[in-house]
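Undergrad: Just one file: final-v2.cif, with mmCIF, C-alpha atoms and all ligand atoms.
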```cif
data_entry
loop_
_atom_site.label_atom_id
_atom_site.label_comp_id
_atom_site.auth_asym_id
_atom_site.auth_seq_id
_atom_site.Cartn_x
_atom_site.Cartn_y
_atom_site.Cartn_z
CA SER F 63 -60.57 -19.60 -7.20
CA PRO F 64 -60.71 -16.79 -9.76
CA CYS F 65 -63.48 -16.94 -12.32
CA GLY F 66 -64.15 -14.81 -15.35
CA PRO F 67 -64.19 -15.12 -19.10
CA ILE F 68 -62.21 -18.16 -20.26
CA VAL F 69 -60.15 -17.81 -23.43
CA HIS F 70 -60.86 -21.21 -24.88
CA GLY F 71 -57.73 -22.51 -26.61
CA LEU F 72 -55.96 -19.21 -25.68
CA GLU F 73 -57.25 -17.71 -28.95
CA ASP F 74 -55.58 -14.33 -29.58
CA VAL F 75 -53.89 -14.33 -26.14
CA LEU F 76 -50.45 -12.66 -26.37
CA ILE F 77 -47.68 -14.46 -24.47
CA LYS F 78 -44.68 -12.25 -25.35
CA ASN F 79 -43.17 -9.80 -27.81
CA THR F 80 -41.24 -11.44 -30.61
CA THR F 81 -39.03 -10.47 -33.55
CA ILE F 82 -38.88 -13.98 -35.04
CA SER F 83 -41.91 -14.32 -37.30
CA ASP F 84 -45.10 -12.48 -38.09
CA ILE F 85 -48.36 -13.61 -39.68
CA ASP F 86 -51.00 -11.46 -41.36
CA GLY F 87 -53.88 -13.91 -41.10
CA GLU F 88 -56.33 -11.76 -43.06
CA LYS F 89 -54.08 -11.25 -46.06
CA GLY F 90 -52.23 -14.57 -45.84
CA ILE F 91 -48.68 -13.25 -45.42
CA LEU F 92 -45.82 -14.77 -43.42
CA TRP F 93 -42.49 -13.10 -42.61
CA TYR F 94 -39.41 -14.55 -40.91
CA ARG F 95 -37.39 -11.79 -39.27
CA GLY F 96 -39.04 -9.32 -41.64
CA TYR F 97 -38.44 -11.30 -44.86
CA ARG F 98 -41.36 -12.61 -46.89
CA ILE F 99 -41.36 -16.39 -47.17
CA GLU F 100 -41.94 -16.13 -50.93
CA ASP F 101 -38.52 -14.45 -51.27
CA LEU F 102 -36.83 -16.92 -48.97
CA ALA F 103 -38.41 -19.85 -50.85
CA LYS F 104 -37.14 -18.44 -54.13
CA PHE F 105 -33.66 -17.22 -53.24
CA SER F 106 -32.52 -18.97 -50.06
CA ASN F 107 -32.00 -22.43 -48.60
CA TYR F 108 -32.62 -24.03 -45.21
CA GLU F 109 -29.11 -23.43 -43.93
CA GLU F 110 -29.41 -19.69 -44.54
CA VAL F 111 -33.03 -19.50 -43.35
CA SER F 112 -32.27 -21.38 -40.14
CA PHE F 113 -29.38 -18.97 -39.46
CA LEU F 114 -31.77 -16.08 -40.08
CA VAL F 115 -34.44 -17.47 -37.75
CA LEU F 116 -31.94 -18.30 -35.00
CA TYR F 117 -29.67 -15.24 -35.15
CA GLY F 118 -32.09 -12.61 -36.43
CA ARG F 119 -30.26 -11.55 -39.60
CA LEU F 120 -29.00 -12.97 -42.88
CA PRO F 121 -25.44 -14.31 -42.58
CA THR F 122 -22.44 -13.06 -44.52
CA ARG F 123 -20.82 -15.61 -46.82
CA SER F 124 -18.16 -16.49 -44.24
CA GLU F 125 -20.68 -16.68 -41.38
CA LEU F 126 -22.81 -19.05 -43.43
CA LYS F 127 -19.83 -21.23 -44.28
CA GLU F 128 -18.81 -21.44 -40.64
CA TYR F 129 -22.41 -22.16 -39.56
CA GLU F 130 -22.72 -24.95 -42.15
CA ARG F 131 -19.44 -26.41 -40.96
CA ARG F 132 -20.70 -26.44 -37.37
CA LEU F 133 -23.97 -28.11 -38.39
CA LYS F 134 -22.15 -30.76 -40.40
CA SER F 135 -19.79 -31.55 -37.54
CA SER F 136 -22.74 -32.06 -35.17
CA ARG F 137 -24.83 -34.48 -37.24
CA ASP F 138 -23.74 -37.68 -35.47
CA LEU F 139 -25.71 -39.03 -32.51
CA HIS F 140 -24.67 -40.30 -29.09
CA PRO F 141 -24.59 -44.14 -29.07
CA ALA F 142 -27.35 -44.18 -26.42
CA THR F 143 -29.59 -42.20 -28.76
CA VAL F 144 -28.95 -44.67 -31.57
CA GLU F 145 -29.93 -47.51 -29.20
CA VAL F 146 -33.15 -45.71 -28.22
CA ILE F 147 -34.06 -45.30 -31.88
CA ARG F 148 -33.25 -48.94 -32.57
CA ALA F 149 -35.41 -50.06 -29.64
CA LEU F 150 -38.33 -48.06 -31.09
CA ALA F 151 -37.82 -49.20 -34.68
CA LYS F 152 -41.36 -50.54 -34.95
CA ALA F 153 -43.01 -47.52 -33.28
CA HIS F 154 -44.36 -44.47 -35.10
CA PRO F 155 -41.29 -42.28 -35.73
CA MET F 156 -42.77 -39.36 -33.76
CA PHE F 157 -42.54 -41.44 -30.56
CA ALA F 158 -38.97 -42.37 -31.46
CA LEU F 159 -38.06 -38.77 -32.18
CA GLU F 160 -39.41 -37.57 -28.84
CA ALA F 161 -37.41 -40.24 -27.03
CA ALA F 162 -34.27 -39.71 -29.13
CA VAL F 163 -34.18 -35.97 -28.40
CA ALA F 164 -34.54 -36.63 -24.67
CA ALA F 165 -31.78 -39.27 -24.82
CA GLU F 166 -29.40 -36.97 -26.66
CA GLY F 167 -30.02 -34.26 -24.05
CA ALA F 168 -29.32 -36.66 -21.20
CA TYR F 169 -25.75 -37.22 -22.42
CA ASP F 170 -24.83 -33.89 -24.01
CA GLU F 171 -22.14 -32.34 -21.80
CA ASP F 172 -22.99 -28.80 -22.91
CA ASN F 173 -26.56 -29.45 -21.81
CA GLN F 174 -25.42 -30.69 -18.41
CA LYS F 175 -23.25 -27.57 -17.99
CA LEU F 176 -26.16 -25.32 -18.87
CA ILE F 177 -28.50 -27.18 -16.51
CA GLU F 178 -25.98 -26.68 -13.68
CA ALA F 179 -25.63 -22.97 -14.47
CA LEU F 180 -29.40 -22.49 -14.53
CA ARG F 181 -29.63 -24.32 -11.20
CA VAL F 182 -27.64 -21.51 -9.60
CA GLY F 183 -29.51 -18.83 -11.54
CA ARG F 184 -26.69 -18.07 -13.98
CA TYR F 185 -27.59 -17.16 -17.57
CA LYS F 186 -24.92 -14.78 -18.81
CA ALA F 187 -22.83 -14.47 -21.99
CA GLU F 188 -21.10 -17.81 -21.46
CA GLU F 189 -24.36 -19.67 -20.84
CA LYS F 190 -26.02 -17.99 -23.80
CA GLU F 191 -23.20 -19.19 -25.99
CA LEU F 192 -23.76 -22.71 -24.68
CA ALA F 193 -27.48 -22.40 -25.37
CA TYR F 194 -26.86 -21.35 -28.98
CA ARG F 195 -24.41 -24.22 -29.41
CA ILE F 196 -27.08 -26.63 -28.17
CA ALA F 197 -29.63 -25.03 -30.48
CA GLU F 198 -27.36 -25.66 -33.47
CA LYS F 199 -26.76 -29.25 -32.36
CA LEU F 200 -30.50 -29.87 -32.25
CA ILE F 201 -30.88 -28.49 -35.78
CA ALA F 202 -28.02 -30.71 -36.97
CA LYS F 203 -29.12 -33.92 -35.26
CA LEU F 204 -32.86 -34.17 -35.90
CA PRO F 205 -32.46 -35.22 -39.56
CA THR F 206 -30.09 -38.01 -38.49
CA MET F 207 -32.58 -39.23 -35.87
CA VAL F 208 -35.42 -39.40 -38.41
CA ALA F 209 -33.32 -41.07 -41.12
CA TYR F 210 -31.88 -43.62 -38.66
CA HIS F 211 -35.38 -44.54 -37.53
CA TYR F 212 -36.37 -45.14 -41.13
CA ARG F 213 -33.32 -47.37 -41.69
CA PHE F 214 -33.96 -49.39 -38.50
CA SER F 215 -37.66 -49.74 -39.31
CA LYS F 216 -36.75 -51.30 -42.66
CA GLY F 217 -33.98 -53.45 -41.19
CA LEU F 218 -31.37 -51.59 -43.27
CA GLU F 219 -27.80 -50.59 -42.42
CA LEU F 220 -27.45 -47.03 -41.12
CA VAL F 221 -26.10 -44.49 -43.58
CA ARG F 222 -23.73 -42.02 -41.93
CA PRO F 223 -24.21 -38.31 -42.70
CA ARG F 224 -22.15 -36.96 -45.60
CA ASP F 225 -20.29 -33.69 -45.13
CA ASP F 226 -20.33 -32.67 -48.77
CA LEU F 227 -24.12 -32.62 -49.01
CA SER F 228 -26.57 -29.87 -48.04
CA HIS F 229 -28.90 -30.25 -45.06
CA ALA F 230 -31.79 -31.36 -47.34
CA ALA F 231 -29.78 -33.57 -49.70
CA ASN F 232 -27.94 -35.24 -46.82
CA PHE F 233 -31.25 -36.04 -45.16
CA LEU F 234 -32.52 -37.90 -48.22
CA TYR F 235 -29.10 -39.52 -48.63
CA MET F 236 -29.23 -40.86 -45.05
CA MET F 237 -32.79 -42.13 -45.62
CA PHE F 238 -32.23 -43.90 -48.93
CA GLY F 239 -28.46 -44.45 -49.15
CA LYS F 240 -28.04 -42.72 -52.49
CA GLU F 241 -27.68 -39.16 -53.67
CA PRO F 242 -31.15 -37.74 -54.23
CA ASP F 243 -32.64 -36.47 -57.44
CA PRO F 244 -32.04 -32.67 -57.48
CA LEU F 245 -35.79 -31.91 -57.63
CA ALA F 246 -36.41 -34.13 -54.60
CA ALA F 247 -33.61 -32.39 -52.66
CA LYS F 248 -35.10 -29.05 -53.69
CA GLY F 249 -38.53 -30.20 -52.48
CA ILE F 250 -37.17 -31.15 -49.06
CA ASP F 251 -35.24 -27.87 -48.86
CA LEU F 252 -38.37 -25.90 -49.78
CA TYR F 253 -40.40 -27.77 -47.18
CA LEU F 254 -37.75 -27.07 -44.54
CA ILE F 255 -37.72 -23.36 -45.45
CA LEU F 256 -41.50 -23.07 -45.30
CA HIS F 257 -41.85 -24.80 -41.91
CA ALA F 258 -38.96 -23.10 -40.10
CA ASP F 259 -41.14 -20.91 -37.92
CA HIS F 260 -44.75 -19.90 -37.42
CA GLU F 261 -45.02 -17.65 -34.36
CA VAL F 262 -46.51 -19.57 -31.40
CA PRO F 263 -48.63 -22.58 -32.39
CA ALA F 264 -49.28 -25.36 -29.86
CA SER F 265 -45.82 -26.96 -30.19
CA THR F 266 -43.91 -23.69 -29.85
CA PHE F 267 -46.08 -22.67 -26.93
CA THR F 268 -45.37 -26.05 -25.32
CA ALA F 269 -41.64 -25.42 -25.75
CA HIS F 270 -42.06 -22.08 -23.95
CA VAL F 271 -43.96 -23.65 -21.07
CA VAL F 272 -41.21 -26.23 -20.56
CA VAL F 273 -38.25 -23.83 -20.64
CA SER F 274 -40.10 -21.29 -18.51
CA THR F 275 -39.48 -23.72 -15.60
CA LEU F 276 -35.74 -23.57 -16.47
CA SER F 277 -35.90 -27.11 -17.79
CA ASP F 278 -33.42 -27.76 -20.62
CA LEU F 279 -33.58 -27.20 -24.37
CA TYR F 280 -33.65 -30.88 -25.32
CA SER F 281 -36.56 -31.58 -22.96
CA SER F 282 -38.39 -28.59 -24.32
CA VAL F 283 -37.91 -29.75 -27.92
CA ALA F 284 -39.02 -33.29 -26.96
CA ALA F 285 -42.21 -31.78 -25.53
CA ALA F 286 -42.72 -29.64 -28.63
CA ILE F 287 -42.44 -32.79 -30.76
CA ALA F 288 -45.13 -34.39 -28.59
CA ALA F 289 -47.44 -31.44 -29.27
CA LEU F 290 -46.63 -31.36 -32.98
CA LYS F 291 -47.60 -35.00 -33.35
CA GLY F 292 -51.36 -34.47 -33.01
CA PRO F 293 -53.56 -34.41 -36.13
CA LEU F 294 -54.85 -30.91 -35.36
CA HIS F 295 -51.25 -29.64 -35.65
CA GLY F 296 -48.30 -31.21 -37.50
CA GLY F 297 -49.90 -34.64 -37.77
CA ALA F 298 -52.30 -33.23 -40.38
CA ASN F 299 -49.79 -33.68 -43.24
CA GLU F 300 -49.78 -37.45 -42.73
CA MET F 301 -53.56 -37.58 -42.34
CA ALA F 302 -54.18 -35.49 -45.48
CA VAL F 303 -52.19 -37.82 -47.72
CA ARG F 304 -53.79 -40.87 -46.12
CA ASN F 305 -57.15 -39.39 -47.07
CA TYR F 306 -56.02 -38.85 -50.67
CA LEU F 307 -54.76 -42.43 -50.87
CA GLU F 308 -57.96 -43.83 -49.40
CA ILE F 309 -60.17 -41.89 -51.80
CA GLY F 310 -57.91 -42.62 -54.77
CA ASP F 311 -60.29 -40.97 -57.24
CA PRO F 312 -61.05 -37.26 -57.72
CA SER F 313 -64.74 -38.03 -58.25
CA LYS F 314 -65.01 -39.00 -54.56
CA ALA F 315 -63.70 -35.64 -53.29
CA LYS F 316 -67.15 -34.14 -52.86
CA GLU F 317 -68.23 -36.92 -50.51
CA LEU F 318 -65.20 -36.44 -48.24
CA VAL F 319 -65.63 -32.67 -48.15
CA GLU F 320 -69.34 -32.92 -47.39
CA ALA F 321 -68.75 -35.39 -44.56
CA ALA F 322 -66.57 -32.74 -42.90
CA THR F 323 -69.42 -30.20 -42.95
CA LYS F 324 -71.77 -32.41 -40.89
CA PRO F 325 -72.08 -31.71 -37.14
CA GLY F 326 -69.67 -34.01 -35.33
CA GLY F 327 -68.18 -35.10 -38.67
CA PRO F 328 -64.44 -35.66 -39.14
CA LYS F 329 -62.40 -32.50 -39.68
CA LEU F 330 -61.00 -32.20 -43.17
CA MET F 331 -57.26 -32.59 -42.71
CA GLY F 332 -55.07 -29.87 -44.19
CA VAL F 333 -57.87 -27.31 -44.11
CA GLY F 334 -58.50 -24.45 -41.66
CA HIS F 335 -56.23 -22.46 -39.40
CA ARG F 336 -56.47 -20.55 -36.14
CA VAL F 337 -54.69 -17.50 -37.58
CA TYR F 338 -55.12 -17.62 -41.37
CA LYS F 339 -58.53 -16.57 -42.58
CA ALA F 340 -57.13 -16.60 -46.13
CA TYR F 341 -55.19 -19.09 -48.27
CA ASP F 342 -52.07 -20.16 -46.36
CA PRO F 343 -49.11 -18.63 -48.25
CA ARG F 344 -47.01 -21.73 -47.55
CA ALA F 345 -49.69 -23.93 -49.11
CA ARG F 346 -49.67 -21.77 -52.22
CA ILE F 347 -45.93 -22.31 -52.70
CA PHE F 348 -46.17 -26.00 -51.98
CA LYS F 349 -49.05 -26.47 -54.39
CA GLU F 350 -46.86 -25.08 -57.18
CA PHE F 351 -43.99 -27.32 -56.22
CA SER F 352 -46.24 -30.39 -56.08
CA ARG F 353 -47.57 -29.54 -59.53
CA ASP F 354 -44.00 -29.33 -60.90
CA TYR F 355 -43.07 -32.55 -59.15
CA VAL F 356 -45.93 -34.61 -60.56
CA ALA F 357 -45.35 -33.01 -63.97
CA LYS F 358 -41.87 -34.53 -63.90
CA PHE F 359 -42.51 -37.82 -62.10
CA GLY F 360 -46.21 -38.45 -62.72
CA ASP F 361 -49.17 -38.85 -60.33
CA PRO F 362 -49.66 -42.65 -60.33
CA LYS F 363 -51.69 -42.65 -57.10
CA ASN F 364 -53.78 -39.63 -58.14
CA LEU F 365 -52.65 -37.69 -55.09
CA PHE F 366 -52.34 -34.34 -56.85
CA ALA F 367 -55.56 -34.95 -58.79
CA VAL F 368 -57.49 -35.89 -55.64
CA ALA F 369 -56.07 -32.96 -53.64
CA SER F 370 -56.97 -30.57 -56.47
CA ALA F 371 -60.54 -31.91 -56.53
CA ILE F 372 -60.83 -31.57 -52.73
CA GLU F 373 -59.50 -28.02 -52.92
CA HIS F 374 -62.04 -27.17 -55.61
CA GLU F 375 -64.87 -28.50 -53.43
CA VAL F 376 -63.61 -26.65 -50.34
CA LEU F 377 -63.26 -23.32 -52.12
CA ASN F 378 -66.79 -23.60 -53.53
CA ASN F 379 -68.57 -24.97 -50.47
CA PRO F 380 -70.56 -22.42 -48.39
CA TYR F 381 -69.65 -24.20 -45.12
CA PHE F 382 -65.94 -23.55 -45.71
CA GLN F 383 -66.53 -20.12 -47.29
CA GLN F 384 -68.59 -18.83 -44.35
CA ARG F 385 -65.98 -19.99 -41.83
CA LYS F 386 -63.06 -18.73 -43.95
CA LEU F 387 -61.48 -22.19 -44.05
CA TYR F 388 -58.79 -22.60 -46.72
CA PRO F 389 -56.12 -25.20 -47.44
CA ASN F 390 -53.24 -24.88 -44.98
CA VAL F 391 -49.58 -25.87 -45.31
CA ASP F 392 -50.34 -29.52 -44.61
CA PHE F 393 -52.76 -29.83 -47.53
CA TRP F 394 -50.17 -30.05 -50.32
CA SER F 395 -46.94 -30.77 -48.51
CA GLY F 396 -47.03 -34.57 -48.38
CA ILE F 397 -47.67 -35.29 -52.06
CA ALA F 398 -44.10 -34.89 -53.32
CA PHE F 399 -42.76 -36.66 -50.21
CA TYR F 400 -44.92 -39.65 -50.95
CA TYR F 401 -43.64 -39.86 -54.50
CA MET F 402 -40.04 -39.50 -53.30
CA GLY F 403 -40.63 -42.76 -51.43
CA VAL F 404 -40.94 -41.18 -47.97
CA PRO F 405 -43.59 -43.19 -46.05
CA TYR F 406 -46.36 -40.96 -44.68
CA GLU F 407 -45.40 -41.69 -41.05
CA TYR F 408 -42.26 -39.61 -41.71
CA PHE F 409 -44.04 -36.45 -42.88
CA THR F 410 -44.58 -35.03 -39.40
CA PRO F 411 -41.02 -35.94 -38.28
CA ILE F 412 -39.73 -33.91 -41.25
CA PHE F 413 -41.90 -31.01 -40.05
CA ALA F 414 -40.01 -31.30 -36.72
CA VAL F 415 -36.65 -31.41 -38.57
CA SER F 416 -37.50 -27.96 -39.91
CA ARG F 417 -39.45 -26.40 -37.00
CA VAL F 418 -36.76 -27.24 -34.47
CA VAL F 419 -35.08 -23.95 -35.39
CA GLY F 420 -38.26 -22.01 -34.67
CA TRP F 421 -38.64 -23.78 -31.34
CA VAL F 422 -35.11 -23.04 -30.18
CA ALA F 423 -35.15 -19.45 -31.46
CA HIS F 424 -38.34 -18.81 -29.48
CA ILE F 425 -37.00 -20.51 -26.36
CA LEU F 426 -33.85 -18.38 -26.42
CA GLU F 427 -35.91 -15.25 -27.04
CA TYR F 428 -38.13 -16.11 -24.07
CA TRP F 429 -35.14 -16.74 -21.80
CA GLU F 430 -34.09 -13.12 -22.34
CA ASN F 431 -37.08 -12.24 -20.16
CA ASN F 432 -38.16 -15.49 -18.53
CA ARG F 433 -41.13 -15.95 -16.26
CA ILE F 434 -42.71 -19.29 -15.44
CA PHE F 435 -46.04 -19.99 -17.15
CA ARG F 436 -48.64 -20.53 -14.47
CA PRO F 437 -52.20 -19.79 -15.57
CA ARG F 438 -55.31 -20.41 -13.47
CA ALA F 439 -58.48 -22.45 -13.88
CA CYS F 440 -61.93 -21.51 -12.66
CA TYR F 441 -62.99 -24.25 -10.21
CA ALA F 442 -66.53 -25.37 -10.86
CA GLY F 443 -66.92 -28.29 -8.42
CA PRO F 444 -68.13 -28.63 -4.79
CA HIS F 445 -66.18 -27.72 -1.62
CA ASP F 446 -65.93 -29.18 1.90
CA LEU F 447 -67.53 -32.53 1.19
CA GLN F 448 -67.65 -34.92 4.12
CA TYR F 449 -65.12 -37.77 3.82
CA ILE F 450 -66.88 -41.15 4.09
CA PRO F 451 -64.71 -44.17 4.93
CA ILE F 452 -64.54 -46.71 2.10
CA ASP F 453 -66.63 -49.46 3.77
CA GLN F 454 -69.48 -46.99 4.40
CA ARG F 455 -69.80 -45.78 0.78
N1 LIG N 501 -62.98 -29.32 -41.38
C1 LIG N 501 -64.27 -29.05 -41.05
N2 LIG N 501 -64.63 -28.03 -40.26
C2 LIG N 501 -63.65 -27.26 -39.77
C3 LIG N 501 -62.30 -27.49 -40.06
C4 LIG N 501 -61.98 -28.56 -40.90
N3 LIG N 501 -60.71 -28.83 -41.22
N4 LIG N 501 -61.54 -26.56 -39.43
C5 LIG N 501 -62.38 -25.79 -38.75
N5 LIG N 501 -63.67 -26.19 -38.96
C6 LIG N 501 -64.89 -25.56 -38.42
C7 LIG N 501 -65.10 -25.89 -36.96
O1 LIG N 501 -65.84 -27.08 -36.81
C8 LIG N 501 -65.84 -24.67 -36.49
O2 LIG N 501 -67.18 -24.78 -36.92
P1 LIG N 501 -68.40 -24.18 -36.02
O3 LIG N 501 -68.12 -22.72 -35.96
O4 LIG N 501 -69.61 -24.56 -36.77
O5 LIG N 501 -68.25 -24.86 -34.70
C9 LIG N 501 -65.20 -23.54 -37.27
O6 LIG N 501 -64.72 -24.16 -38.47
C10 LIG N 501 -64.06 -22.85 -36.54
O7 LIG N 501 -63.08 -23.83 -36.26
P2 LIG N 501 -62.36 -24.02 -34.85
O8 LIG N 501 -62.35 -25.50 -34.54
O9 LIG N 501 -62.91 -23.10 -33.83
O10 LIG N 501 -60.92 -23.56 -35.25
P3 LIG N 501 -59.61 -23.64 -34.36
O11 LIG N 501 -58.90 -22.39 -34.56
O12 LIG N 501 -59.92 -24.05 -32.97
O13 LIG N 501 -58.83 -24.87 -35.04
C11 LIG N 501 -57.57 -26.08 -36.65
C12 LIG N 501 -57.90 -24.71 -36.07
C13 LIG N 501 -56.40 -25.95 -37.58
C14 LIG N 501 -57.20 -27.04 -35.49
C15 LIG N 501 -58.80 -26.62 -37.40
O14 LIG N 501 -59.08 -25.80 -38.51
C16 LIG N 501 -58.63 -28.07 -37.84
O15 LIG N 501 -58.91 -28.99 -37.07
N6 LIG N 501 -58.14 -28.32 -39.11
C17 LIG N 501 -57.84 -29.66 -39.55
C18 LIG N 501 -56.48 -30.12 -39.04
C19 LIG N 501 -55.33 -29.41 -39.72
O16 LIG N 501 -55.27 -29.31 -40.94
N7 LIG N 501 -54.36 -28.94 -38.92
C20 LIG N 501 -53.16 -28.26 -39.44
C21 LIG N 501 -53.14 -26.82 -39.06
S1 LIG N 501 -51.96 -25.83 -39.96
C22 LIG N 501 -50.39 -26.40 -39.73
C23 LIG N 501 -50.07 -27.01 -38.45
O17 LIG N 501 -50.39 -26.52 -37.37
O18 LIG N 501 -49.43 -28.06 -38.47
#
```
As structure tokens, how would this structure be written, given the file I've shared?

TA:
Amino acid sequence: SPCGPIVHGLEDVLIKNTTISDIDGEKGILWYRGYRIEDLAKFSNYEEVSFLVLYGRLPTRSELKEYERRLKSSRDLHPATVEVIRALAKAHPMFALEAAVAAEGAYDEDNQKLIEALRVGRYKAEEKELAYRIAEKLIAKLPTMVAYHYRFSKGLELVRPRDDLSHAANFLYMMFGKEPDPLAAKGIDLYLILHADHEVPASTFTAHVVVSTLSDLYSSVAAAIAALKGPLHGGANEMAVRNYLEIGDPSKAKELVEAATKPGGPKLMGVGHRVYKAYDPRARIFKEFSRDYVAKFGDPKNLFAVASAIEHEVLNNPYFQQRKLYPNVDFWSGIAFYYMGVPYEYFTPIFAVSRVVGWVAHILEYWENNRIFRPRACYAGPHDLQYIPIDQR
């Protein structure tokens, strides 16, 4: 087998050209389709940003209206999907989301049509249109899946999606059964904007690997959700807030931060990044929002105070300074969610609700020039061993 230098964790390996998002890790800048996220966070909303990420340009007013109409008309789930979510009501919602996406794909007729076309090697204008329709359906349905899981887990009646509410406001409405406070809806919208895409992290790469075999979009998104779930990736937002809750007091921040500097110690959740060697620009925006949120609603569990104390320790600790480790997007993002009444198990599912657009945009970009992913491993074991029958071993 071939042996040579191994790129551990595929650091800095390029897998394709892309026009979807770009990161300047040294300066801490993120662009979607050429637009700075600071501008999108200030002037746009998730509907517009998801159109931008998926279609590569900002929509006109009528395009946006039509896109919103299509999303709204696709929010409902197949009855089999609802049953899958119900059956997993007591499981962590990331397991339920993985299963729900696979279930929805199993019964979506457009998906079956596309699978049949791909089987005979056909991916032309008609199939591309189908693929974009499926992409939009995934964007529309993930919030319903997450909210339904929450309702089942609490033994509550399901709340059907409401057509007159925005993507973010409708999500909170389906979770809690009442129209959300405008600042809470804004917080969810901001979170969705800031997580829409991030080049090719583990989940997006996973999505590429799956579709490169000409498997379907739903299966690819289910696999991406599986990759997102881990604490080194999207699961960090849940873990960060759990740390803040456990500590409860800013005076204990130093202890937690120091434990993370010891060899073999636990990683500090919400800190560090493969690409950013500067403050994560998404974290900066979310810190401001969290500050505004607790200014309005208070910080009864000390989450903002504890996170601020941890950040102060991190920024002044030589271990983190030498390694250029800064707070990442997951550091601040869960605080407002927690105070909105969203249990921390739902933080990573909401990440998926946003990132689904990045996943599908990347998949469709890759299909324009598809080749199966098939890397190699350098074999380091013995060869030609003599087989010994079991009763002689
Ligand atoms: N706490 C303590 N030490 C850390 C941390 C951390 N959070 N992150 C990195 N390091 C250390 C690491 O131990 C290594 O030290 P040494 O050089 O002495 O061996 C050095 O910094 C370089 O880290 P690495 O493990 O080679 O970095 P990586 O690029 O493989 O991993 C990471 C990146 C994000 C997985 C990692 O920083 C980490 O585990 N962070 C905590 C989990 C987290 O917040 N994940 C969210 C990432 S951002 C959004 C998302 O993907 O969802």

Undergrad: Measuring between all atoms listed in the file, which one of F:Tyr441, F:Phe413, F:Tyr280, F:Trp421 shows the shortest distance to Tyr169 (chain F)?

TA: F:Tyr280

Undergrad: 6 Å from ligand LIG 501 (chain N) is the threshold here; counting only C-alpha atoms and all ligand atoms, which polymer residues fall inside it? Answer as a PyMOL selection string.

TA: chain F and resi 293-296+298+322-323+329-336+385+390-392

Undergrad: Just how far from CA of Ala284 (chain F) is CA of Val163 (chain F), in Å to one decimal?

TA: 5.7 Å

Undergrad: What lies within 9 Å of Asp259 (chain F) using all atoms listed in the file, ignoring chain neighbours under 6 positions off, as a ChimeraX atom specification?

TA: /F:82-83,94,115,266,416-421,423

Undergrad: Using only C-alpha atoms, pick whichever of F:Glu125, F:Glu189, F:Glu73, F:Glu88 has the shortest atom-to-atom distance to Tyr338 (chain F).

TA: F:Glu88

Undergrad: When distances are computed from all atoms listed in the file, which of F:Ile309, F:Ala264, F:Ala103, F:Leu426 shows the smallest separation from Ala289 (chain F)?

TA: F:Ala264

Undergrad: Which residues are close to Ser282 (chain F), i.e. within 10 Å by all atoms listed in the file, leaving aside same-chain residues fewer than 6 positions away? Reply as a ChimeraX atom specification.

TA: /F:163-164,265-266,268-274,276,288,421-422,425

Undergrad: Find, counting all atoms listed in the file, the residue in F:Val208, F:Val111, F:Ile452, F:Val303 that gets nearest to Asp251 (chain F).

TA: F:Val111

Undergrad: Given all atoms listed in the file, how would the per-residue table for region 170-234 of chain F near region 151-159 of chain F read, listing every residue at most 7 Å away with its closest atom pair and distance in Å to one decimal, sorted by chain and number, as a Markdown table?

TA:
```
| residue | atom | partner | partner_atom | distance |
| --- | --- | --- | --- | --- |
| F:Met207 | CA | F:Leu159 | CA | 6.6 |
| F:Val208 | CA | F:Leu159 | CA | 6.8 |
| F:His211 | CA | F:Ala151 | CA | 6.0 |
| F:Phe214 | CA | F:Ala151 | CA | 5.4 |
| F:Ser215 | CA | F:Ala151 | CA | 4.7 |
```

Undergrad: Measuring atom to atom with all atoms listed in the file, identify which of F:Arg304, F:Lys316, F:Arg353, F:Arg455 is nearest to Phe366 (chain F).

TA: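 So, comparing all the options, the nearest one is F:Arg353.
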
Undergrad: Determine the nearest neighbour of Ala202 (chain F) from the options F:Ser313, F:Thr410, F:Ser281, F:Ser228, counting all atoms listed in the file.

TA: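 Answer, going by the shortest atom-to-atom distance: F:Ser228.
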
Undergrad: Within 7 Å of Leu256 (chain F), counting only C-alpha atoms, which residues show up once you throw out same-chain ones fewer than 3 positions away? Write them as a ChimeraX atom specification, please.

TA: /F:99,252-253,344

Undergrad: Just the number, please: distance in Å from CA of Gly310 (chain F) to CA of Leu290 (chain F), one decimal.

TA: 27.0 Å

Undergrad: So which residues touch Glu219 (chain F) within 12 Å, counting only C-alpha atoms, skipping near sequence neighbours fewer than 5 positions away, as a PyMOL selection string?

TA: chain F and resi 148+209-214+236-239
